[in-house]
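Colleague: There's a structure below that I have some questions on.
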Amino acid sequence: MRTALATLPADPDRENEDFAAAAPGAAVLLDGAGVGGAETGCTHGVAWFSSTLGALLLRSITAHPVRPLAECLADSIGLVRSLHEGTCDLAYRASPTSTVVAARVGAGALEYLVLGDSSLLLADQDGGTTVVTDRRLDEVGKRLRGPVDALPTGSPEHAAALAEYRDALTGLRNRPGGFWIAGPDPRAAEHALTGTVPLESLASVTLLSDGATRLVDRFELSDWEKTLAVLDSSGPDELIRSVREAEDGDPDGRRWPRGKARDDATVLHWVLS
């Protein structure tokens with residue numbers, strides 16, 4: 001098994017809120033939910049939350065190889081909560097959150113978990129691909145983001161509309177009819193997408209934050225088969241470079257309306273064969 005990892009912050013002067021790591025037979029990727037500098041109630045910040053949760057989750061899924069991934073995630077969320085509930089306001093509605101993707105090999109199968117809008121790309125031995133993405137946030141977002149997409153990215157009007165959009169999203173977080181994401185409440189893990197795939201059928205497994213999937217699911221400049229070809233031939237760095245090239249060619253979001261001109265982008269490509 002071989003693993004290649006690349007990550008790049010949206011802005012070199014800002015903290016990367018993505019986190020990814022791998023251990024023998026396991027990998028995790030988290031995309032911290034930034035709030036554009038708004039108050040979160042947490043003194044540690046979003047990057048601390050995603051990296052701390054990611055490290056604890058990787059430890060849990062490797063230390064307890066037969067325990068379901070959702071239970072490992074719930075335990076890890078509880079541990080993170082215990083680390084900062086004495087210093088931070090975890091009841092604050094904008095408390096830091098994170099997407100989660102986890103994968104683990106065991107008993108002839110790959111077990112996976114996806115929570116939030118990061119993605120898992122499964123490549124089979126015949127070159128076909130299957131993508132697992134939690135679309136609940138996207139479905140909620142489509143109902144709310146019209147005013148954001150109508151304005152040039154980075155303009156004052158866009159910033160104001162984006163703040164209203166994020167505030168509306170926060171009100172739908174971790175509740176029926178909304179979407180689910182890792183935050184202060186371990187019960188969010190119960191709503192993750194989970195499954196298993198026979199290990200013998202797989203050639204590779206790739207974990208991607210939504211900043212790295214933009215070429216496919218937002219810009220529509222590529223598809224998953226082409227993305228896999230880039231990863232296999234040139235690695236995650238080349239995929240992220242292509243994302244940045246597209247973003248920089250449309251800095252105002254005229255061609256591809258979006259909340260952020262650039263986003264943190266992380267790819268963990270795990271070749272099994």
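Residues are named by chain letter and number: chains run A, B, ... in the order of the structure tokens, numbers start at 1 in each chain, and ligands are numbered from 1 in the order shown.
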Could you list, as a ChimeraX atom specification, every residue within 9 Å of Leu162 in chain A, counting only C-alpha atoms and ignoring same-chain residues fewer than 6 positions away?

Modeller: /A:145,147-148,259

Colleague: Mind dumping the selected residues with all heavy atoms as a PDB file, in the first residue's frame?

Modeller:
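Writing the result to out_4.pdb gives the following:
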ATOM      1  N   ARG A 145     -28.539  29.774  -1.347  1.00  0.00           N
ATOM      2  CA  ARG A 145     -27.389  30.533  -1.796  1.00  0.00           C
ATOM      3  C   ARG A 145     -27.618  31.379  -3.051  1.00  0.00           C
ATOM      4  O   ARG A 145     -26.662  31.930  -3.622  1.00  0.00           O
ATOM      5  CB  ARG A 145     -26.193  29.621  -2.008  1.00  0.00           C
ATOM      6  CG  ARG A 145     -26.338  28.542  -3.044  1.00  0.00           C
ATOM      7  CD  ARG A 145     -25.028  27.747  -3.205  1.00  0.00           C
ATOM      8  NE  ARG A 145     -23.942  28.594  -3.592  1.00  0.00           N
ATOM      9  CZ  ARG A 145     -22.823  28.752  -2.891  1.00  0.00           C
ATOM     10  NH1 ARG A 145     -22.670  28.124  -1.744  1.00  0.00           N
ATOM     11  NH2 ARG A 145     -21.870  29.547  -3.327  1.00  0.00           N
ATOM     12  N   PRO A 147     -28.754  34.495  -3.521  1.00  0.00           N
ATOM     13  CA  PRO A 147     -28.197  35.846  -3.429  1.00  0.00           C
ATOM     14  C   PRO A 147     -26.664  35.869  -3.441  1.00  0.00           C
ATOM     15  O   PRO A 147     -26.068  36.818  -3.951  1.00  0.00           O
ATOM     16  CB  PRO A 147     -28.729  36.352  -2.079  1.00  0.00           C
ATOM     17  CG  PRO A 147     -29.977  35.562  -1.854  1.00  0.00           C
ATOM     18  CD  PRO A 147     -29.688  34.206  -2.416  1.00  0.00           C
ATOM     19  N   VAL A 148     -26.036  34.827  -2.912  1.00  0.00           N
ATOM     20  CA  VAL A 148     -24.572  34.767  -2.904  1.00  0.00           C
ATOM     21  C   VAL A 148     -24.048  34.585  -4.319  1.00  0.00           C
ATOM     22  O   VAL A 148     -23.132  35.289  -4.770  1.00  0.00           O
ATOM     23  CB  VAL A 148     -24.073  33.611  -1.999  1.00  0.00           C
ATOM     24  CG1 VAL A 148     -22.550  33.512  -2.042  1.00  0.00           C
ATOM     25  CG2 VAL A 148     -24.544  33.812  -0.572  1.00  0.00           C
ATOM     26  N   GLY A 259     -18.772  30.611  -2.817  1.00  0.00           N
ATOM     27  CA  GLY A 259     -18.612  31.408  -1.614  1.00  0.00           C
ATOM     28  C   GLY A 259     -17.222  31.976  -1.455  1.00  0.00           C
ATOM     29  O   GLY A 259     -17.046  33.117  -1.049  1.00  0.00           O
TER      30      GLY A 259
END

Colleague: I'd like the neighbourhood of range 94-111 of chain A as a ChimeraX atom specification, where a residue qualifies if any of its atoms comes within 8 Å (using only C-alpha atoms), though same-chain residues fewer than 5 positions away should be ignored.

Modeller: /A:25-35,39-42,45-46,49-50,61,65-66,69,89,116-120,170,181-184,194-200,207

Colleague: Pick out each residue of range 36-260 of chain A that DSSP on the backbone tags as alpha helix (DSSP H); I need them as an MDAnalysis selection string.

Modeller: chainID A and resid 46:63 69:84 136:144 146:149 156:170 214:217 224:233 236:248

Colleague: Considering only C-alpha atoms, can you say which of A:Ala6, A:Leu57, A:Leu268, A:Thr62 comes closest to Ala23 in chain A?

Modeller: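 That would be A:Thr62, the residue with the smallest distance to Ala23 in chain A.
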